[in-house]
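> File name model.cif; file contents mmCIF, C-alpha atoms; full text below.
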data_run
loop_
_atom_site.label_atom_id
_atom_site.label_comp_id
_atom_site.auth_asym_id
_atom_site.auth_seq_id
_atom_site.Cartn_x
_atom_site.Cartn_y
_atom_site.Cartn_z
CA MET A 8 -8.27 -2.03 20.16
CA VAL A 9 -4.71 -2.93 19.46
CA SER A 10 -2.47 -0.01 18.70
CA LYS A 11 -0.44 0.07 15.56
CA MET A 12 3.28 0.42 15.38
CA SER A 13 4.46 3.84 14.35
CA ALA A 14 5.51 4.19 10.74
CA ARG A 15 9.24 3.74 10.53
CA LEU A 16 11.48 2.43 7.81
CA SER A 17 11.55 -1.33 8.43
CA VAL A 18 14.49 -2.08 6.14
CA PRO A 19 17.44 0.25 6.83
CA VAL A 20 19.36 1.82 3.98
CA SER A 21 22.13 -0.54 2.91
CA GLU A 22 24.40 -1.41 0.02
CA ARG A 23 21.50 -2.87 -1.92
CA ASP A 24 19.95 0.59 -2.22
CA HIS A 25 20.37 3.19 -4.93
CA VAL A 26 21.91 6.14 -3.14
CA GLN A 27 22.80 9.70 -4.11
CA GLY A 28 24.88 11.91 -1.86
CA SER A 29 27.37 11.38 0.91
CA PRO A 30 27.09 8.49 3.39
CA ASP A 31 28.16 11.03 6.05
CA ALA A 32 25.18 13.29 5.37
CA ALA A 33 23.26 14.40 8.45
CA VAL A 34 19.95 13.46 6.87
CA THR A 35 18.85 10.50 4.78
CA LEU A 36 15.72 10.95 2.68
CA VAL A 37 14.15 7.74 1.39
CA GLU A 38 11.43 7.93 -1.25
CA TYR A 39 9.09 5.09 -2.18
CA GLY A 40 7.88 5.97 -5.64
CA ASP A 41 6.16 4.83 -8.82
CA PHE A 42 7.42 6.08 -12.20
CA GLU A 43 3.90 6.35 -13.61
CA CYS A 44 2.41 8.18 -10.62
CA PRO A 45 1.88 11.88 -11.42
CA HIS A 46 2.41 12.89 -7.78
CA CYS A 47 5.79 11.17 -7.88
CA GLY A 48 6.57 13.09 -11.05
CA ALA A 49 5.92 16.33 -9.18
CA ALA A 50 7.92 15.11 -6.18
CA HIS A 51 10.85 14.29 -8.47
CA LEU A 52 11.30 17.99 -9.21
CA VAL A 53 10.97 18.83 -5.51
CA VAL A 54 13.69 16.35 -4.58
CA LYS A 55 15.98 17.71 -7.30
CA GLN A 56 15.53 21.22 -5.95
CA ILE A 57 16.22 20.11 -2.37
CA GLN A 58 19.32 18.17 -3.42
CA LYS A 59 20.60 21.31 -5.11
CA THR A 60 19.97 23.37 -1.98
CA LEU A 61 21.42 20.95 0.55
CA GLY A 62 24.26 19.39 -1.41
CA ASP A 63 26.38 17.13 0.78
CA GLN A 64 24.10 17.49 3.77
CA LEU A 65 21.57 15.14 2.18
CA ARG A 66 21.67 11.49 1.20
CA PHE A 67 18.81 10.42 -1.09
CA VAL A 68 17.56 6.88 -1.61
CA PHE A 69 14.91 5.75 -4.09
CA ARG A 70 12.92 2.53 -3.65
CA HIS A 71 10.22 1.14 -5.92
CA PHE A 72 6.55 1.12 -5.03
CA PRO A 73 4.76 0.44 -8.32
CA LEU A 74 0.96 0.41 -8.04
CA ALA A 75 0.70 -1.89 -11.00
CA GLN A 76 -3.07 -2.40 -10.92
CA ILE A 77 -3.73 1.28 -11.55
CA HIS A 78 -0.51 2.14 -13.42
CA PRO A 79 -0.03 -0.46 -16.15
CA HIS A 80 3.55 0.61 -17.00
CA ALA A 81 4.83 1.17 -13.49
CA GLU A 82 6.19 -2.30 -12.78
CA ARG A 83 7.96 -2.50 -16.11
CA ALA A 84 9.46 0.96 -15.66
CA ALA A 85 10.77 -0.01 -12.22
CA GLU A 86 12.38 -3.12 -13.70
CA ALA A 87 13.90 -0.94 -16.44
CA ALA A 88 15.47 1.31 -13.81
CA GLU A 89 16.96 -1.77 -12.15
CA ALA A 90 18.21 -3.10 -15.48
CA ALA A 91 19.93 0.25 -16.03
CA GLY A 92 21.24 0.06 -12.45
CA ALA A 93 22.82 -3.29 -13.24
CA GLN A 94 24.87 -1.41 -15.84
CA GLY A 95 25.70 1.39 -13.42
CA ARG A 96 23.15 3.88 -14.73
CA PHE A 97 20.21 3.69 -12.34
CA TRP A 98 19.89 7.41 -11.73
CA GLN A 99 20.09 8.39 -15.40
CA MET A 100 17.21 6.02 -16.14
CA HIS A 101 15.34 7.14 -13.01
CA ASP A 102 15.47 10.75 -14.21
CA LEU A 103 14.48 9.91 -17.78
CA LEU A 104 11.48 7.88 -16.61
CA PHE A 105 10.20 10.70 -14.42
CA GLU A 106 10.75 13.20 -17.22
CA HIS A 107 8.72 11.02 -19.63
CA GLN A 108 5.95 9.64 -17.45
CA GLN A 109 3.47 9.59 -20.32
CA SER A 110 5.77 7.48 -22.49
CA LEU A 111 6.66 4.30 -20.67
CA SER A 112 5.89 1.60 -23.23
CA ASP A 113 8.54 -1.05 -23.88
CA ARG A 114 9.52 0.79 -27.04
CA HIS A 115 10.14 3.96 -25.08
CA LEU A 116 12.10 2.10 -22.42
CA LEU A 117 14.43 0.80 -25.10
CA LEU A 118 14.89 4.29 -26.50
CA TYR A 119 15.89 5.55 -23.07
CA ALA A 120 18.32 2.66 -22.66
CA GLU A 121 19.88 3.69 -25.95
CA ALA A 122 19.96 7.34 -24.93
CA ILE A 123 22.05 6.58 -21.86
CA ASP A 124 24.36 4.21 -23.75
CA LEU A 125 23.34 0.96 -22.16
CA ASP A 126 24.11 -2.40 -23.68
CA THR A 127 20.61 -2.52 -25.18
CA ASP A 128 20.69 -6.24 -26.00
CA ARG A 129 21.33 -7.08 -22.39
CA PHE A 130 18.78 -4.50 -21.26
CA ALA A 131 16.05 -5.89 -23.54
CA ARG A 132 16.83 -9.47 -22.56
CA GLU A 133 16.74 -8.73 -18.83
CA LEU A 134 13.47 -6.84 -19.21
CA ALA A 135 11.93 -9.69 -21.19
CA GLU A 136 13.04 -12.24 -18.60
CA HIS A 137 11.84 -10.10 -15.67
CA VAL A 138 15.23 -10.49 -14.06
CA TYR A 139 14.64 -7.62 -11.64
CA GLN A 140 11.03 -8.37 -10.75
CA PRO A 141 11.98 -9.97 -7.40
CA ARG A 142 14.12 -6.96 -6.53
CA VAL A 143 11.25 -4.54 -7.27
CA ARG A 144 8.89 -6.70 -5.21
CA GLU A 145 11.38 -6.63 -2.33
CA ASP A 146 11.32 -2.85 -2.37
CA PHE A 147 7.53 -2.88 -2.55
CA MET A 148 7.16 -5.22 0.43
CA SER A 149 9.69 -3.31 2.50
CA GLY A 150 7.50 -0.29 1.84
CA VAL A 151 4.34 -2.08 2.88
CA ARG A 152 5.99 -3.18 6.14
CA SER A 153 7.18 0.37 6.76
CA GLY A 154 3.74 1.92 6.43
CA VAL A 155 3.91 3.11 2.83
CA ASN A 156 0.26 3.49 1.88
CA GLY A 157 0.52 5.36 -1.37
CA THR A 158 3.02 7.18 -3.54
CA PRO A 159 5.16 9.05 -3.04
CA THR A 160 6.00 8.31 0.59
CA PHE A 161 9.08 9.84 2.16
CA PHE A 162 11.09 8.80 5.22
CA ILE A 163 13.39 11.30 6.87
CA ASN A 164 16.05 9.60 8.97
CA GLY A 165 13.81 6.56 9.17
CA ALA A 166 10.60 8.28 10.25
CA ARG A 167 7.71 8.57 7.80
CA HIS A 168 7.07 12.12 6.69
CA ASP A 169 3.31 12.62 6.85
CA GLY A 170 3.31 16.31 5.95
CA LEU A 171 3.19 18.06 2.61
CA TYR A 172 6.01 17.57 0.15
CA ASP A 173 6.32 20.87 -1.64
CA VAL A 174 9.86 22.25 -1.58
CA SER A 175 9.53 24.39 1.53
CA SER A 176 7.60 21.83 3.63
CA LEU A 177 9.95 18.99 2.82
CA LEU A 178 13.03 21.17 3.23
CA ASP A 179 11.77 22.34 6.64
CA ALA A 180 11.21 18.78 7.78
CA ILE A 181 14.65 17.72 6.57
CA GLN A 182 16.37 20.64 8.25
CA ARG A 183 14.53 19.95 11.50
CA ALA A 184 15.67 16.33 11.37
CA GLY A 185 19.21 17.49 10.60
CA SER A 186 19.33 19.75 13.65
CA ASP A 187 18.15 16.88 15.88
CA VAL A 188 21.16 14.76 14.99
CA MET S 7 -28.12 -8.61 16.81
CA SER S 8 -26.70 -6.20 19.31
CA ARG S 9 -27.55 -2.59 18.60
CA GLU S 10 -25.54 -1.13 21.41
CA ILE S 11 -23.39 1.60 20.06
CA ASN S 12 -22.01 4.77 21.49
CA GLU S 13 -23.97 7.53 19.85
CA SER S 14 -22.26 10.43 21.56
CA GLN S 15 -18.96 9.85 19.81
CA SER S 16 -18.40 10.59 16.18
CA ASN S 17 -15.54 8.13 16.36
CA SER S 18 -16.80 4.79 17.57
CA SER S 19 -13.40 3.14 17.89
CA GLY S 20 -13.89 2.51 21.61
CA SER S 21 -16.56 -0.08 20.92
CA ALA S 22 -14.89 -2.04 18.12
CA LEU S 23 -14.76 -5.76 18.87
CA ALA S 24 -11.35 -6.62 20.22
CA ALA S 25 -8.98 -9.56 19.86
CA GLY S 26 -10.18 -12.76 21.47
CA MET S 27 -13.87 -12.29 20.62
CA PRO S 28 -15.62 -14.62 18.19
CA ALA S 29 -16.28 -12.78 14.93
CA PRO S 30 -20.04 -12.33 14.46
CA GLU S 31 -21.37 -14.30 11.49
CA PHE S 32 -22.95 -12.60 8.50
CA THR S 33 -24.06 -13.11 4.93
CA LEU S 34 -23.81 -10.12 2.59
CA PRO S 35 -24.14 -9.52 -1.16
CA ALA S 36 -20.79 -9.42 -2.97
CA GLY S 37 -22.38 -8.04 -6.13
CA PRO S 38 -25.81 -8.13 -7.72
CA ASP S 39 -25.78 -11.92 -8.08
CA ARG S 40 -23.47 -13.33 -5.42
CA LYS S 41 -23.55 -13.67 -1.63
CA VAL S 42 -20.70 -14.24 0.79
CA THR S 43 -21.12 -16.03 4.12
CA LEU S 44 -18.34 -15.55 6.62
CA GLU S 45 -18.70 -19.05 8.03
CA ASN S 46 -17.70 -20.53 4.67
CA TYR S 47 -14.16 -19.23 5.17
CA ARG S 48 -13.62 -21.26 8.33
CA GLY S 49 -10.24 -23.01 8.22
CA ARG S 50 -8.36 -20.00 6.85
CA PRO S 51 -7.61 -16.50 8.05
CA VAL S 52 -9.97 -13.72 6.96
CA ILE S 53 -9.24 -10.01 6.75
CA LEU S 54 -12.30 -7.77 7.13
CA ALA S 55 -11.60 -4.26 5.85
CA PHE S 56 -14.47 -1.91 6.72
CA TYR S 57 -14.23 1.41 4.90
CA PRO S 58 -16.55 4.42 4.74
CA ALA S 59 -17.46 4.55 1.07
CA ASP S 60 -16.63 3.60 -2.50
CA TRP S 61 -15.13 6.41 -4.59
CA SER S 62 -13.74 8.63 -1.84
CA PRO S 63 -10.05 9.38 -2.55
CA VAL S 64 -8.57 7.84 0.60
CA CYS S 65 -10.53 4.63 0.10
CA GLY S 66 -9.19 4.41 -3.42
CA ASP S 67 -5.71 4.46 -2.05
CA GLN S 68 -6.41 1.92 0.65
CA MET S 69 -8.22 -0.56 -1.59
CA ALA S 70 -5.69 -0.01 -4.40
CA LEU S 71 -2.92 -0.81 -1.94
CA TYR S 72 -4.62 -4.02 -0.76
CA ASN S 73 -5.15 -4.98 -4.37
CA GLU S 74 -1.38 -4.85 -4.88
CA ILE S 75 -0.67 -6.78 -1.70
CA LEU S 76 -3.21 -9.51 -2.41
CA PRO S 77 -0.52 -12.07 -3.40
CA GLU S 78 1.09 -11.51 0.00
CA PHE S 79 -2.22 -12.11 1.81
CA LYS S 80 -2.65 -15.29 -0.26
CA ARG S 81 0.70 -16.55 0.97
CA TYR S 82 -0.95 -16.79 4.38
CA ASN S 83 -3.95 -18.39 2.69
CA ALA S 84 -5.94 -15.39 3.90
CA GLU S 85 -9.10 -14.06 2.29
CA LEU S 86 -9.65 -10.31 2.07
CA LEU S 87 -13.20 -8.94 2.22
CA GLY S 88 -13.88 -5.21 1.80
CA ILE S 89 -17.10 -3.99 3.44
CA SER S 90 -18.96 -0.69 3.17
CA VAL S 91 -22.57 0.47 3.26
CA ASP S 92 -22.63 1.03 -0.50
CA GLY S 93 -25.02 -1.06 -2.57
CA PRO S 94 -23.99 -4.02 -4.76
CA TRP S 95 -24.25 -2.11 -8.05
CA CYS S 96 -22.14 0.70 -6.69
CA HIS S 97 -19.54 -1.85 -5.56
CA ARG S 98 -19.54 -3.46 -8.98
CA ALA S 99 -18.83 -0.15 -10.72
CA TYR S 100 -16.16 0.72 -8.19
CA ARG S 101 -14.44 -2.68 -8.42
CA GLU S 102 -14.43 -2.49 -12.19
CA SER S 103 -13.02 1.01 -12.26
CA ARG S 104 -10.19 0.11 -9.87
CA ASN S 105 -9.65 -3.40 -11.19
CA LEU S 106 -10.03 -4.76 -7.65
CA GLN S 107 -9.42 -8.50 -7.40
CA PHE S 108 -11.20 -9.15 -4.11
CA PRO S 109 -14.89 -9.04 -3.10
CA LEU S 110 -16.56 -5.88 -1.83
CA LEU S 111 -19.50 -6.68 0.42
CA ALA S 112 -22.59 -4.48 0.57
CA ASP S 113 -23.60 -3.78 4.17
CA PHE S 114 -26.58 -2.07 2.60
CA GLU S 115 -29.82 -3.60 3.91
CA PRO S 116 -30.41 -3.26 6.78
CA LYS S 117 -27.94 -0.46 6.41
CA GLY S 118 -24.70 -0.89 8.33
CA GLU S 119 -25.99 -3.85 10.32
CA VAL S 120 -22.72 -5.76 10.17
CA ALA S 121 -20.65 -2.65 10.94
CA ARG S 122 -22.85 -2.07 14.01
CA VAL S 123 -22.35 -5.59 15.30
CA TYR S 124 -18.59 -5.19 14.92
CA GLY S 125 -18.84 -1.85 16.74
CA VAL S 126 -17.57 0.25 13.87
CA TYR S 127 -20.64 2.13 12.62
CA ARG S 128 -20.59 5.95 12.65
CA ASP S 129 -24.13 6.99 13.45
CA GLY S 130 -23.94 10.66 12.55
CA GLU S 131 -22.57 9.97 9.10
CA GLY S 132 -24.23 6.65 8.38
CA VAL S 133 -21.00 4.97 7.27
CA SER S 134 -18.60 2.54 8.86
CA GLU S 135 -15.26 3.37 10.40
CA ARG S 136 -12.08 2.59 8.55
CA ALA S 137 -11.59 -0.57 10.58
CA LEU S 138 -9.57 -3.74 10.15
CA PHE S 139 -10.18 -7.17 11.67
CA VAL S 140 -8.02 -10.24 11.19
CA LEU S 141 -9.81 -13.49 11.99
CA ASP S 142 -8.09 -16.80 12.67
CA ASN S 143 -8.97 -20.20 11.21
CA GLU S 144 -11.69 -20.70 13.79
CA GLY S 145 -13.38 -17.39 13.12
CA ARG S 146 -12.02 -15.64 16.19
CA ILE S 147 -10.79 -12.05 16.06
CA SER S 148 -7.03 -12.11 16.48
CA TRP S 149 -6.37 -8.43 15.79
CA SER S 150 -8.41 -5.32 15.21
CA TYR S 151 -7.62 -1.72 14.47
CA VAL S 152 -9.69 1.41 13.89
CA SER S 153 -7.93 4.08 11.88
CA PRO S 154 -8.76 7.79 11.92
CA ILE S 155 -11.36 7.96 9.16
CA ASP S 156 -9.24 10.07 6.81
CA VAL S 157 -6.05 8.06 7.25
CA ASN S 158 -5.18 5.05 5.14
CA PRO S 159 -4.26 2.39 7.73
CA GLY S 160 -2.00 0.58 5.30
CA ALA S 161 -1.27 -3.12 5.45
CA ASP S 162 1.63 -3.45 7.88
CA GLY S 163 -0.70 -4.22 10.82
CA ILE S 164 -2.58 -6.86 8.81
CA LEU S 165 0.63 -8.56 7.72
CA ALA S 166 2.01 -8.57 11.27
CA ALA S 167 -1.26 -10.13 12.51
CA LEU S 168 -1.17 -12.81 9.78
CA GLU S 169 2.43 -13.55 10.64
CA ASN S 170 1.53 -13.99 14.32
CA LEU S 171 -1.27 -16.35 13.37
CA SER S 172 0.92 -18.56 11.23
CA ARG S 173 3.59 -18.59 13.95
CA LYS S 174 1.02 -19.65 16.54
CA GLU S 175 -0.24 -22.42 14.29
CA THR S 176 3.26 -23.76 13.81
CA GLN S 177 3.77 -23.74 17.57
CA ASP S 178 0.47 -25.52 18.14
CA GLY S 179 1.63 -28.12 15.65
CA LYS S 180 -1.45 -27.77 13.51
#
In structure tokens, how does this file's structure come out?

Amino acid sequence: MVSKMSARLSVPVSERDHVQGSPDAAVTLVEYGDFECPHCGAAHLVVKQIQKTLGDQLRFVFRHFPLAQIHPHAERAAEAAEAAGAQGRFWQMHDLLFEHQQSLSDRHLLLYAEAIDLDTDRFARELAEHVYQPRVREDFMSGVRSGVNGTPTFFINGARHDGLYDVSSLLDAIQRAGSDV
Amino acid sequence: MSREINESQSNSSGSALAAGMPAPEFTLPAGPDRKVTLENYRGRPVILAFYPADWSPVCGDQMALYNEILPEFKRYNAELLGISVDGPWCHRAYRESRNLQFPLLADFEPKGEVARVYGVYRDGEGVSERALFVLDNEGRISWSYVSPIDVNPGADGILAALENLSRKETQDGK
């Protein structure tokens, strides 16, 4: 039997990523997520809570892992987040999508774009032309190569977090990683 | 067919066929009206994904993941075959419910025969291990991995194995 490499983030966090928090933070939390996945919706609230608790001590990165075959709107929603990102509003769209997981049709996506004051013509055009599909696929494949097997999957300072992700479990794991630095 | 398996272990990973061995041939139903013969895939890589059962939550994840990665496997011209001891009708219902785009083979009669030959049958439970085999163009095992039964093994190992294969082929000038 050939052993398997341990699950570590194969593509390091870089300028291409969507990042919240200080680059000097002791801990970097990377999430691979799917906007239509209910578990990711729950995890979204957990991450918010942890960001509030840790403030500057935490850097948070979100990458796309849409399971499009079981979540018909997930790919489109990921592209919408990227289209918003291209206009400097990735995180606003990211939050709106997670807060409205049941309403991710194209019509809804346009409403959200309007709500966060995007240039909606550009947004609609880029969505229609799938401009950000390659970018979403890049995230997806980097996840696959890092041992992301489902959503959400978290990496704490590059190591996959295989434990629970309720607030206290995830916070514990982050604080342990922080004290190892 | 060899029936030698280690019955004392609940986890039979020790006896899984390893890299370098020829992959044992088989023909299995891929649905109520279709059969798949391994030999017919000669000339391209094949991924054999043994899993314990349709419908269990971890399997759903694993097969759903492979379903998403299928285009990547195709880039290596590789064929993915899922195998469990479930019957063809059960597979059909499961494939339809998950929208799976690759065949699920029924190692159903005689039960688990193919899993046994590959050394990945769990006697106590009557299901196969969660085991992966990557076969090269000539039907030889180039990589194998047995995952803890409740852990989704993901696809990173498969992709690394396919990458190695295509690198080797380029070197051999084929």
> Using all atoms listed in the file for the distances, tell me which of S:Asn158, S:Ser134, S:Ser103, S:Asn170 is nearest to Asn156 in chain A.
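Distance minimum relative to Asn156 in chain A lands on S:Asn158.
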> Got a sec: who's within 12 Å of range 169-180 of chain A, counting only C-alpha atoms, leaving out chain neighbours fewer than 4 positions off, as an NGL selection string?
(:A and (13-15 or 34-36 or 38 or 46-47 or 49-61 or 64-65 or 154-164 or 184-187)) or (:S and (157-158))
> Counting all atoms listed in the file, which residue out of S:Arg128, S:Arg48, S:Arg104, S:Arg40 sits closest to chain A?
S:Arg104
> Have a look at A:Ala75, A:Ala91, A:Leu117, A:Leu16 and name the one nearest to chain S; count all atoms listed in the file.
A:Ala75
> Tyr57 in chain S: which residues within 12 Å, counting only C-alpha atoms, same-chain residues fewer than 4 positions away excluded, as a PyMOL selection string?
chain S and resi 61-69+87-92+110-113+118+121+126-128+132-139+152-159
> Output C-alpha atoms of each residue in that selection to a file, as a compact mmCIF listing (two decimals), keeping the file's coordinate frame.

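Okay, again.txt is ready:
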# COMPACT_ATOMS: atom_id res chain seq x y z
CA TRP S 61 -15.13 6.41 -4.59
CA SER S 62 -13.74 8.63 -1.84
CA PRO S 63 -10.05 9.38 -2.55
CA VAL S 64 -8.57 7.84 0.60
CA CYS S 65 -10.53 4.63 0.10
CA GLY S 66 -9.19 4.41 -3.42
CA ASP S 67 -5.71 4.46 -2.05
CA GLN S 68 -6.41 1.92 0.65
CA MET S 69 -8.22 -0.56 -1.59
CA LEU S 87 -13.20 -8.94 2.22
CA GLY S 88 -13.88 -5.21 1.80
CA ILE S 89 -17.10 -3.99 3.44
CA SER S 90 -18.96 -0.69 3.17
CA VAL S 91 -22.57 0.47 3.26
CA ASP S 92 -22.63 1.03 -0.50
CA LEU S 110 -16.56 -5.88 -1.83
CA LEU S 111 -19.50 -6.68 0.42
CA ALA S 112 -22.59 -4.48 0.57
CA ASP S 113 -23.60 -3.78 4.17
CA GLY S 118 -24.70 -0.89 8.33
CA ALA S 121 -20.65 -2.65 10.94
CA VAL S 126 -17.57 0.25 13.87
CA TYR S 127 -20.64 2.13 12.62
CA ARG S 128 -20.59 5.95 12.65
CA GLY S 132 -24.23 6.65 8.38
CA VAL S 133 -21.00 4.97 7.27
CA SER S 134 -18.60 2.54 8.86
CA GLU S 135 -15.26 3.37 10.40
CA ARG S 136 -12.08 2.59 8.55
CA ALA S 137 -11.59 -0.57 10.58
CA LEU S 138 -9.57 -3.74 10.15
CA PHE S 139 -10.18 -7.17 11.67
CA VAL S 152 -9.69 1.41 13.89
CA SER S 153 -7.93 4.08 11.88
CA PRO S 154 -8.76 7.79 11.92
CA ILE S 155 -11.36 7.96 9.16
CA ASP S 156 -9.24 10.07 6.81
CA VAL S 157 -6.05 8.06 7.25
CA ASN S 158 -5.18 5.05 5.14
CA PRO S 159 -4.26 2.39 7.73
> Which chain S residues have any atom within 7 Å of an atom of chain A, and for each, what is the nearest pair of atoms with distance in Å to one decimal, counting all atoms listed in the file, rows sorted by chain and number, as a tab-separated table?

residue	atom	partner	partner_atom	distance
S:Ala22	CA	A:Met8	CA	6.9
S:Ala24	CA	A:Met8	CA	5.5
S:Asp67	CA	A:Gly157	CA	6.3
S:Gln68	CA	A:Asn156	CA	7.0
S:Leu71	CA	A:Asn156	CA	6.6
S:Glu74	CA	A:Leu74	CA	6.6
S:Arg104	CA	A:Ile77	CA	6.8
S:Asn105	CA	A:Gln76	CA	6.7
S:Trp149	CA	A:Val9	CA	6.8
S:Ser150	CA	A:Met8	CA	5.9
S:Tyr151	CA	A:Met8	CA	5.7
S:Asn158	CA	A:Asn156	CA	6.5
S:Gly160	CA	A:Asn156	CA	5.0
S:Ala161	CA	A:Val151	CA	6.3
S:Asp162	CA	A:Arg152	CA	4.7
S:Gly163	CA	A:Lys11	CA	6.4
> Convert the current residue selection to file output with C-alpha atoms, as a PDB file, in the frame of the given file.

ATOM      1  CA  ALA S  22     -14.890  -2.040  18.120  1.00  0.00           C
ATOM      2  CA  ALA S  24     -11.350  -6.620  20.220  1.00  0.00           C
ATOM      3  CA  ASP S  67      -5.710   4.460  -2.050  1.00  0.00           C
ATOM      4  CA  GLN S  68      -6.410   1.920   0.650  1.00  0.00           C
ATOM      5  CA  LEU S  71      -2.920  -0.810  -1.940  1.00  0.00           C
ATOM      6  CA  GLU S  74      -1.380  -4.850  -4.880  1.00  0.00           C
ATOM      7  CA  ARG S 104     -10.190   0.110  -9.870  1.00  0.00           C
ATOM      8  CA  ASN S 105      -9.650  -3.400 -11.190  1.00  0.00           C
ATOM      9  CA  TRP S 149      -6.370  -8.430  15.790  1.00  0.00           C
ATOM     10  CA  SER S 150      -8.410  -5.320  15.210  1.00  0.00           C
ATOM     11  CA  TYR S 151      -7.620  -1.720  14.470  1.00  0.00           C
ATOM     12  CA  ASN S 158      -5.180   5.050   5.140  1.00  0.00           C
ATOM     13  CA  GLY S 160      -2.000   0.580   5.300  1.00  0.00           C
ATOM     14  CA  ALA S 161      -1.270  -3.120   5.450  1.00  0.00           C
ATOM     15  CA  ASP S 162       1.630  -3.450   7.880  1.00  0.00           C
ATOM     16  CA  GLY S 163      -0.700  -4.220  10.820  1.00  0.00           C
TER      17      GLY S 163
END
> Using all atoms listed in the file, determine which residues lie at most 12 Å from Ser110 in chain A, disregarding the query and same-chain residues fewer than 3 positions distant; provide the list as a list in words.
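Contacts, in chain order: Phe42, Glu43, Pro79, His80, Ala81, Ala84, Leu103, Leu104, Phe105, Glu106, His107, Asp113, Arg114, His115, Leu116, Leu117, Leu118 and Tyr119 of chain A.
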> Kindly give the distance, in Å, that separates CA of Ser172 in chain S and CA of Asn46 in chain S, rounded to a single decimal.
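These two atoms are separated by 19.8 Å.
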> To one decimal place, how far is CA of Leu34 in chain S from CA of Asp142 in chain S in Å?
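About the pair CA of Leu34 in chain S and CA of Asp142 in chain S: they are 19.8 Å apart.
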> Smallest atom-to-atom distance to Pro51 in chain S: which of S:Leu76, S:Leu141, S:Leu86, S:Cys96, using all atoms listed in the file?
S:Leu141
> Please report the interatomic distance between CA of Ala88 in chain A and CA of Arg66 in chain A in Å with one decimal.
19.2 Å
